[in-house]
Amino acid sequence: MAFTRATGKHRAPSRMTRRGANFAGVATLTAAGVIGTLGSPALAADMEAAVAQDTAPVTPARAIVIDDSLAATIDAQADAQHLAAQKAAAAKARAEAAARAKAEAKRKAEARAKELREAKERAARAAERERLNSYQLPVAGSPVTTGYQTGGALWSSGSHSGVDFRAASGTSVVAVGAGTVVEAGWGGAYGNNVVIRMNDGTYTQYGHLSSIGVTVGQSVTPGAPIALSGSTGNSTGPHLHFEARTSAEYGSDIDPVAYLRAHGVSV
């Protein structure tokens, strides 16, 4: 008996098709008991092995290996990122600490500089106060030649109302202390004279001057030049007549040497 197949391209059954057929045939034979009764033991064993091989699940060993490797890589990357983050945080903390330390050092330096500046200013003010409160001789290094209340016909009152300091004509005359000029000009018997109201309320007078270098209302400090010595007015020769008074008026004189010594001047 002849068999015919439809015309066209023919393919051999695929592996999956063959396996499917085999599975079906084996199942049929097994159900009918053929393998157990008709086939030889060897053939039965081979067929059962083939069925077991074809129906066994595929073990994903390769997949497990790949998955473990990927997990290890991910873990390593995570560890690296964590370490990098820790290093960055540590670096930031160090930078912030350094910035704080720098700022603190700057603050301390500025505070120290301010303290030194203020101390210097305080010292300068103290020195200026001391200077302004200091007294000195009206003619530097000059001795007294005629003492206070010396008697004689040279003075209308009968005695000397001040002291005379040796001074050649043109010698610089200075304020003995700080004060304000209240008189600067001709003073009769005193010739050219200057009267200063001192800061402590007393008055000092400088007479027989050849020239005057200050004006009324002018403030003077200790040692400030005010005039040049001479021999104007009732004078027998160049010298400086110096008086200390309790007021600006004639007759309120006090001992000029004691006055200067009371203010720390060695006379």
# chains A, B, ... in the order shown; residues from 1 in each chain; ligands from 1
$ select_by_dssp --residues "segment 89-223 of chain A" --states "strand (DSSP E or B)" --output "ChimeraX atom specification"
/A:144-146,151,159,163-165,172-174,179-186,192-198,203-212,219-220
$ write_last_selection --atoms "C-alpha atoms" --output "mmCIF file, in the first residue's frame"
data_model
loop_
_atom_site.group_PDB
_atom_site.id
_atom_site.type_symbol
_atom_site.label_atom_id
_atom_site.label_comp_id
_atom_site.auth_asym_id
_atom_site.auth_seq_id
_atom_site.Cartn_x
_atom_site.Cartn_y
_atom_site.Cartn_z
ATOM 1 C CA VAL A 144 67.242 131.441 91.696
ATOM 2 C CA THR A 145 69.265 134.648 92.060
ATOM 3 C CA THR A 146 66.885 136.702 94.210
ATOM 4 C CA GLY A 151 63.672 143.459 101.072
ATOM 5 C CA SER A 159 59.991 143.365 99.354
ATOM 6 C CA VAL A 163 61.810 135.146 92.644
ATOM 7 C CA ASP A 164 64.319 135.932 89.930
ATOM 8 C CA PHE A 165 65.836 133.240 87.709
ATOM 9 C CA SER A 172 63.330 130.718 76.198
ATOM 10 C CA VAL A 173 60.729 131.031 78.934
ATOM 11 C CA VAL A 174 58.181 128.226 79.293
ATOM 12 C CA GLY A 179 46.711 126.475 82.006
ATOM 13 C CA THR A 180 45.189 129.365 80.048
ATOM 14 C CA VAL A 181 46.757 132.739 79.308
ATOM 15 C CA VAL A 182 44.793 135.568 80.964
ATOM 16 C CA GLU A 183 47.248 138.396 80.371
ATOM 17 C CA ALA A 184 49.888 138.946 77.697
ATOM 18 C CA GLY A 185 51.371 142.434 77.253
ATOM 19 C CA TRP A 186 52.757 145.392 79.087
ATOM 20 C CA ASN A 192 56.332 142.796 79.136
ATOM 21 C CA ASN A 193 54.620 140.068 81.157
ATOM 22 C CA VAL A 194 52.446 136.964 80.841
ATOM 23 C CA VAL A 195 49.934 135.750 83.450
ATOM 24 C CA ILE A 196 48.570 132.182 83.263
ATOM 25 C CA ARG A 197 45.633 130.747 85.154
ATOM 26 C CA MET A 198 46.811 127.252 86.027
ATOM 27 C CA TYR A 203 48.149 131.847 88.791
ATOM 28 C CA THR A 204 51.738 132.235 87.618
ATOM 29 C CA GLN A 205 53.388 135.412 86.284
ATOM 30 C CA TYR A 206 56.461 135.876 84.065
ATOM 31 C CA GLY A 207 57.965 139.418 83.922
ATOM 32 C CA HIS A 208 60.617 141.606 82.267
ATOM 33 C CA LEU A 209 60.252 139.731 78.962
ATOM 34 C CA SER A 210 61.899 140.882 75.753
ATOM 35 C CA SER A 211 59.115 139.381 73.619
ATOM 36 C CA ILE A 212 55.829 137.515 74.099
ATOM 37 C CA SER A 219 45.851 127.140 76.319
ATOM 38 C CA VAL A 220 49.366 126.104 77.225
#
$ closest_residue --among "A:Thr232, A:Thr246, A:Ser252, A:Gln149" --to "Gly191 of chain A" --atoms "only C-alpha atoms"
A:Thr232
$ select_by_dssp --residues "segment 43-192 of chain A" --states "alpha helix (DSSP H)" --output "ChimeraX atom specification"
/A:43-55,61-132
$ closest_residue --among "A:Gly251, A:Ala76, A:Ala244, A:Gly177" --to "Glu130 of chain A" --atoms "only C-alpha atoms"
A:Gly177
$ closest_residue --among "A:Gln86, A:Ala119, A:Ile254, A:Gly213" --to "Ser161 of chain A" --atoms "only C-alpha atoms"
A:Ile254
$ atom_distance --atom1 "atom CA of Asp79 of chain A" --atom2 "atom CA of Ala98 of chain A"
28.1 Å
$ atom_distance --atom1 "atom CA of Asn234 of chain A" --atom2 "atom CA of Ala153 of chain A"
11.7 Å
$ closest_residue --among "A:Lys120, A:Arg107, A:Lys102, A:Arg129" --to "Pro222 of chain A" --atoms "only C-alpha atoms"
A:Arg129
$ residues_around --residues "Gly237 of chain A" --least-positions-apart "6" --cutoff "9 Å" --atoms "only C-alpha atoms" --output "ChimeraX atom specification"
/A:168-169,230-231
$ closest_residue --among "A:Gly170, A:Lys106, A:Ala101, A:Leu137" --to "Leu260 of chain A" --atoms "only C-alpha atoms"
A:Leu137
$ atom_distance --atom1 "atom CA of Arg166 of chain A" --atom2 "atom CA of Asn199 of chain A"
26.4 Å
